[in-house]
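Undergrad: This is model.pdb (PDB, C-alpha atoms).
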MODEL        1
ATOM      1  CA  MET U   1      37.885 -20.850  17.280
ATOM      2  CA  PRO U   2      35.160 -23.262  16.095
ATOM      3  CA  THR U   3      34.586 -23.716  12.377
ATOM      4  CA  GLN U   4      31.934 -21.412  11.005
ATOM      5  CA  ILE U   5      29.658 -22.047   8.057
ATOM      6  CA  PHE U   6      28.474 -19.447   5.577
ATOM      7  CA  VAL U   7      25.729 -20.824   3.356
ATOM      8  CA  ASN U   8      25.100 -18.678   0.267
ATOM      9  CA  ILE U   9      21.662 -18.614  -1.359
ATOM     10  CA  ALA U  10      20.354 -16.588  -4.278
ATOM     11  CA  VAL U  11      17.154 -14.677  -3.556
ATOM     12  CA  SER U  12      14.777 -12.994  -5.960
ATOM     13  CA  ASP U  13      13.529 -10.249  -3.612
ATOM     14  CA  MET U  14      15.994  -9.097  -0.934
ATOM     15  CA  ALA U  15      13.449  -7.106   1.088
ATOM     16  CA  ARG U  16      10.975 -10.000   1.138
ATOM     17  CA  SER U  17      13.679 -12.480   2.143
ATOM     18  CA  LYS U  18      15.000 -10.266   4.923
ATOM     19  CA  ALA U  19      11.480  -9.750   6.293
ATOM     20  CA  PHE U  20      10.854 -13.502   6.196
ATOM     21  CA  TYR U  21      13.971 -14.392   8.192
ATOM     22  CA  GLU U  22      13.451 -11.532  10.634
ATOM     23  CA  GLY U  23       9.975 -13.018  11.183
ATOM     24  CA  LEU U  24      11.720 -16.181  12.372
ATOM     25  CA  GLY U  25      13.502 -14.164  15.050
ATOM     26  CA  TYR U  26      16.875 -13.889  13.319
ATOM     27  CA  HIS U  27      18.847 -10.725  12.670
ATOM     28  CA  PHE U  28      21.360  -9.484  10.102
ATOM     29  CA  ASN U  29      24.940  -8.375  10.592
ATOM     30  CA  PRO U  30      24.944  -4.802   9.215
ATOM     31  CA  GLN U  31      28.708  -4.978   8.558
ATOM     32  CA  PHE U  32      28.074  -7.515   5.798
ATOM     33  CA  THR U  33      24.712  -6.333   4.534
ATOM     34  CA  ASN U  34      23.939  -4.075   1.594
ATOM     35  CA  GLU U  35      21.562  -4.020  -1.396
ATOM     36  CA  GLN U  36      23.321  -7.022  -2.999
ATOM     37  CA  GLY U  37      23.729  -9.242   0.025
ATOM     38  CA  ALA U  38      22.636  -9.669   3.601
ATOM     39  CA  CYS U  39      24.396 -11.690   6.303
ATOM     40  CA  LEU U  40      21.725 -13.605   8.230
ATOM     41  CA  VAL U  41      22.968 -14.624  11.679
ATOM     42  CA  ILE U  42      21.575 -17.998  12.747
ATOM     43  CA  SER U  43      24.093 -18.513  15.586
ATOM     44  CA  ASP U  44      27.668 -17.670  16.529
ATOM     45  CA  THR U  45      28.877 -20.200  13.959
ATOM     46  CA  ILE U  46      26.101 -20.365  11.338
ATOM     47  CA  TYR U  47      25.432 -17.627   8.799
ATOM     48  CA  VAL U  48      23.370 -17.504   5.626
ATOM     49  CA  MET U  49      24.368 -15.010   2.985
ATOM     50  CA  LEU U  50      21.287 -13.887   1.106
ATOM     51  CA  LEU U  51      22.565 -12.720  -2.275
ATOM     52  CA  THR U  52      20.603 -11.200  -5.113
ATOM     53  CA  ARG U  53      20.472 -13.642  -8.019
ATOM     54  CA  GLU U  54      22.599 -11.292 -10.130
ATOM     55  CA  PHE U  55      25.278 -10.957  -7.444
ATOM     56  CA  PHE U  56      25.244 -14.687  -6.716
ATOM     57  CA  GLN U  57      25.762 -15.427 -10.418
ATOM     58  CA  GLY U  58      29.097 -13.601 -10.214
ATOM     59  CA  PHE U  59      30.473 -16.406  -8.024
ATOM     60  CA  THR U  60      29.790 -19.274 -10.427
ATOM     61  CA  ASP U  61      29.804 -20.128 -14.114
ATOM     62  CA  LYS U  62      26.995 -22.631 -13.570
ATOM     63  CA  ALA U  63      23.382 -21.781 -14.336
ATOM     64  CA  LEU U  64      21.308 -20.934 -11.284
ATOM     65  CA  ALA U  65      18.512 -23.365 -10.532
ATOM     66  CA  ASP U  66      15.092 -22.176  -9.467
ATOM     67  CA  PRO U  67      14.750 -23.342  -5.842
ATOM     68  CA  GLY U  68      10.967 -23.249  -6.271
ATOM     69  CA  THR U  69      11.141 -26.098  -8.786
ATOM     70  CA  HIS U  70      14.538 -27.766  -8.221
ATOM     71  CA  ALA U  71      15.912 -29.040  -4.918
ATOM     72  CA  GLN U  72      19.612 -28.277  -4.524
ATOM     73  CA  ALA U  73      20.037 -28.931  -0.835
ATOM     74  CA  ILE U  74      18.019 -29.228   2.341
ATOM     75  CA  LEU U  75      19.304 -26.933   5.057
ATOM     76  CA  CYS U  76      18.735 -28.428   8.496
ATOM     77  CA  LEU U  77      18.824 -26.706  11.877
ATOM     78  CA  SER U  78      18.616 -28.379  15.260
ATOM     79  CA  ALA U  79      16.253 -27.368  18.043
ATOM     80  CA  ASP U  80      16.523 -27.928  21.786
ATOM     81  CA  ASP U  81      13.171 -29.717  21.973
ATOM     82  CA  ARG U  82       9.996 -30.530  20.040
ATOM     83  CA  ALA U  83       8.463 -27.202  21.014
ATOM     84  CA  GLY U  84      11.463 -25.447  19.476
ATOM     85  CA  VAL U  85      10.897 -27.328  16.214
ATOM     86  CA  ASP U  86       7.258 -26.273  16.159
ATOM     87  CA  LYS U  87       8.041 -22.691  17.126
ATOM     88  CA  LEU U  88      10.476 -22.145  14.246
ATOM     89  CA  ALA U  89       8.385 -23.995  11.648
ATOM     90  CA  ASP U  90       5.212 -22.176  12.709
ATOM     91  CA  ALA U  91       7.040 -18.822  12.531
ATOM     92  CA  ALA U  92       8.254 -19.703   9.032
ATOM     93  CA  ILE U  93       4.734 -20.425   7.846
ATOM     94  CA  ALA U  94       3.362 -17.294   9.530
ATOM     95  CA  SER U  95       6.105 -15.222   7.859
ATOM     96  CA  GLY U  96       5.196 -16.335   4.344
ATOM     97  CA  GLY U  97       6.837 -19.727   4.112
ATOM     98  CA  ARG U  98       5.178 -22.954   3.079
ATOM     99  CA  GLN U  99       5.040 -26.396   4.704
ATOM    100  CA  PRO U 100       5.660 -28.859   1.836
ATOM    101  CA  ARG U 101       5.058 -31.984   3.918
ATOM    102  CA  GLU U 102       3.676 -33.090   7.239
ATOM    103  CA  PRO U 103       5.830 -33.235  10.403
ATOM    104  CA  GLN U 104       7.814 -36.456  10.815
ATOM    105  CA  ASP U 105       7.887 -38.190  14.199
ATOM    106  CA  HIS U 106      10.337 -41.085  14.451
ATOM    107  CA  GLY U 107      10.088 -41.423  18.224
ATOM    108  CA  PHE U 108      13.623 -40.329  19.012
ATOM    109  CA  MET U 109      13.608 -37.684  16.270
ATOM    110  CA  TYR U 110      10.990 -35.066  15.415
ATOM    111  CA  GLN U 111      11.305 -32.871  12.351
ATOM    112  CA  ARG U 112       9.384 -30.339  10.329
ATOM    113  CA  CYS U 113      10.124 -28.919   6.925
ATOM    114  CA  PHE U 114       9.394 -25.497   5.475
ATOM    115  CA  GLU U 115      10.217 -23.575   2.330
ATOM    116  CA  ASP U 116      11.241 -19.927   2.384
ATOM    117  CA  PRO U 117       9.630 -17.501  -0.098
ATOM    118  CA  ASP U 118      12.188 -18.454  -2.776
ATOM    119  CA  GLY U 119      11.543 -22.170  -2.305
ATOM    120  CA  TYR U 120      14.671 -23.172  -0.372
ATOM    121  CA  LEU U 121      14.012 -26.247   1.758
ATOM    122  CA  TRP U 122      14.718 -26.010   5.468
ATOM    123  CA  GLU U 123      14.255 -28.651   8.137
ATOM    124  CA  VAL U 124      14.140 -28.187  11.864
ATOM    125  CA  VAL U 125      14.924 -31.277  13.888
ATOM    126  CA  TYR U 126      15.014 -32.347  17.524
ATOM    127  CA  MET U 127      16.801 -35.553  18.448
ATOM    128  CA  ASP U 128      16.249 -37.137  21.862
ATOM    129  CA  MET U 129      19.509 -39.012  22.287
ATOM    130  CA  ALA U 130      18.266 -40.994  25.325
ATOM    131  CA  ALA U 131      15.219 -42.197  23.377
ATOM    132  CA  MET U 132      17.474 -43.076  20.430
ATOM    133  CA  GLN U 133      19.659 -45.244  22.676
ATOM    134  CA  GLU U 134      16.570 -46.946  24.129
ATOM    135  CA  GLN U 135      15.273 -47.653  20.636
ATOM    136  CA  GLU U 136      18.666 -49.087  19.595
ATOM    137  CA  GLN U 137      18.745 -51.337  22.697
ATOM    138  CA  GLU U 138      15.215 -52.592  21.976
ATOM    139  CA  THR U 139      16.222 -53.381  18.386
ATOM    140  CA  GLU U 140      19.311 -55.271  19.593
ATOM    141  CA  GLN U 141      17.222 -57.330  22.047
ATOM    142  CA  VAL U 142      14.813 -58.357  19.283
ATOM    143  CA  SER U 143      17.663 -59.435  16.967
TER     144      SER U 143
ENDMDL
END
Turn the structure described in the file into structure tokens.

TA:
Amino acid sequence: MPTQIFVNIAVSDMARSKAFYEGLGYHFNPQFTNEQGACLVISDTIYVMLLTREFFQGFTDKALADPGTHAQAILCLSADDRAGVDKLADAAIASGGRQPREPQDHGFMYQRCFEDPDGYLWEVVYMDMAAMQEQEQETEQVS
């Protein structure tokens, strides 16, 4: 069985957060969803546990940072192509998210960033491995 990841984030409004992520085309596993937490299914191996701030606080003695003002992590998802990057980022913005910076195009890699309603930073990235190899070969030839 492949390793799975369960990212836990504290949210201030469970209903708003669930609506936002459903607007991106994701769903929740009802087995692990209640008023305190919701299991967002990104893929067969990636899950995000949306936890109320109060419930989340029960798992740590550290103070919770405000993700709207403090960056804790940037969560990055891959896409199959550039259109997939745009589709997810556009859906995030249409669902109440915010685009904190312009798309980044590095030739072999294209990425967009969005914030969810709580301020968590997400990136969506497409990497063209063939273009990356071409770029590396060009750099080697110049050296």

Undergrad: Around the point (12.7, -17.7, -1.1), in the coordinates given by the file, pick out the residues reaching within 10 Å, counting only C-alpha atoms, and return them as a list of chain:residue names.

TA: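 Protein and nucleic acid residues near the point are U:Ile9, U:Ala10, U:Val11, U:Ser12, U:Asp13, U:Met14, U:Arg16, U:Ser17, U:Lys18, U:Phe20, U:Tyr21, U:Leu50, U:Asp66, U:Pro67, U:Gly68, U:Gly96, U:Gly97, U:Glu115, U:Asp116, U:Pro117, U:Asp118, U:Gly119, U:Tyr120, U:Leu121.
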
Undergrad: Which neighbours of Leu77 in chain U fall inside 7 Å, counting only C-alpha atoms, when residues of the same chain fewer than 2 positions from it are skipped, and could you give them as a VMD selection string?

TA: chain U and resid 75 79 123 to 125

Undergrad: Padding 3 Å on each side, edges along x, y and z: where is the centre of the box around the listed atoms of range 45-59 of chain U, and how long are its edges in Å to one decimal? Output it as AutoDock Vina command-line options.

TA:
--center_x 25.5 --center_y -15.7 --center_z 1.8 --size_x 16.0 --size_y 15.4 --size_z 30.4

Undergrad: Point out the residue among U:Gln36, U:Asp86, U:Ala15, U:Ala91 with the least atom-to-atom distance to Pro103 in chain U, counting all atoms listed in the file.

TA: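 Counting all atoms listed in the file, the residue closest to Pro103 in chain U is U:Asp86.
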
Undergrad: Counting only C-alpha atoms, note down every residue that has an atom within 7 Å of the point (13.7, -34.5, 12.0) (file coordinates), as a list in words.

TA: Gln104, Met109, Tyr110, Gln111, Arg112, Val124, Val125 and Tyr126 of chain U

Undergrad: How about saving the chosen residues, C-alpha atoms kept, as a CSV table (one decimal), in the frame of the given file?

TA:
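The resulting file, part_23.csv, is shown below:
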chain,number,residue,atom,x,y,z
U,104,GLN,CA,7.8,-36.5,10.8
U,109,MET,CA,13.6,-37.7,16.3
U,110,TYR,CA,11.0,-35.1,15.4
U,111,GLN,CA,11.3,-32.9,12.4
U,112,ARG,CA,9.4,-30.3,10.3
U,124,VAL,CA,14.1,-28.2,11.9
U,125,VAL,CA,14.9,-31.3,13.9
U,126,TYR,CA,15.0,-32.3,17.5

Undergrad: Using all atoms listed in the file, which residue out of U:Ile5, U:Met129, U:Cys113, U:Ala83 lies closest to Ser43 in chain U?

TA: U:Ile5

Undergrad: In Å, how far is it from CA of Arg82 in chain U to CA of Met127 in chain U?

TA: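 Value for the CA of Arg82 in chain U-CA of Met127 in chain U distance: 8.6 Å.
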
Undergrad: So which one's closest to Cys76 in chain U, U:Gly58, U:Ile42, U:Thr33, U:Pro100? Using only C-alpha atoms, please.

TA: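 Of all the options, U:Ile42 lies closest to Cys76 in chain U.
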
Undergrad: Measuring atom to atom with only C-alpha atoms, identify which of U:Gln31, U:Gly107, U:Val41, U:Thr69 is nearest to Met132 in chain U.

TA: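 Between U:Gln31, U:Gly107, U:Val41, U:Thr69, the residue approaching Met132 in chain U most closely is U:Gly107.
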
Undergrad: Excluding Ala63 in chain U and its own-chain neighbours fewer than 6 positions away, which residues fall within 12 Å of it when counting all atoms listed in the file? Please give them as a PyMOL selection string.

TA: chain U and resi 10+53-54+56-57

Undergrad: Go ahead and write the residues just picked, C-alpha atoms, as a PDB file, keeping the file's coordinate frame.

TA:
ATOM      1  CA  ALA U  10      20.354 -16.588  -4.278  1.00  0.00           C
ATOM      2  CA  ARG U  53      20.472 -13.642  -8.019  1.00  0.00           C
ATOM      3  CA  GLU U  54      22.599 -11.292 -10.130  1.00  0.00           C
ATOM      4  CA  PHE U  56      25.244 -14.687  -6.716  1.00  0.00           C
ATOM      5  CA  GLN U  57      25.762 -15.427 -10.418  1.00  0.00           C
TER       6      GLN U  57
END

Undergrad: Just how far from CA of Ala92 in chain U is CA of Thr52 in chain U, in Å to one decimal?

TA: 20.6 Å

Undergrad: Between CA of Ala19 in chain U and CA of Ser95 in chain U, what distance in Å does the model show, to one decimal?

TA: 7.8 Å

Undergrad: Please expand the PyMOL selection byres ((chain U and resi 2) around 10) into the concrete residues it hits in this file, giving the result as a PyMOL selection string.

TA: chain U and resi 1+3-5+44-45

Undergrad: Written as a list in words, what is the full residue list that the PyMOL selection byres ((chain U and resi 48) around 7) yields on the file shown?

TA: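 Output of the PyMOL selection byres ((chain U and resi 48) around 7): Phe6, Val7, Asn8, Cys39, Leu40, Val41, Ile46, Tyr47, Met49 and Leu50 of chain U.
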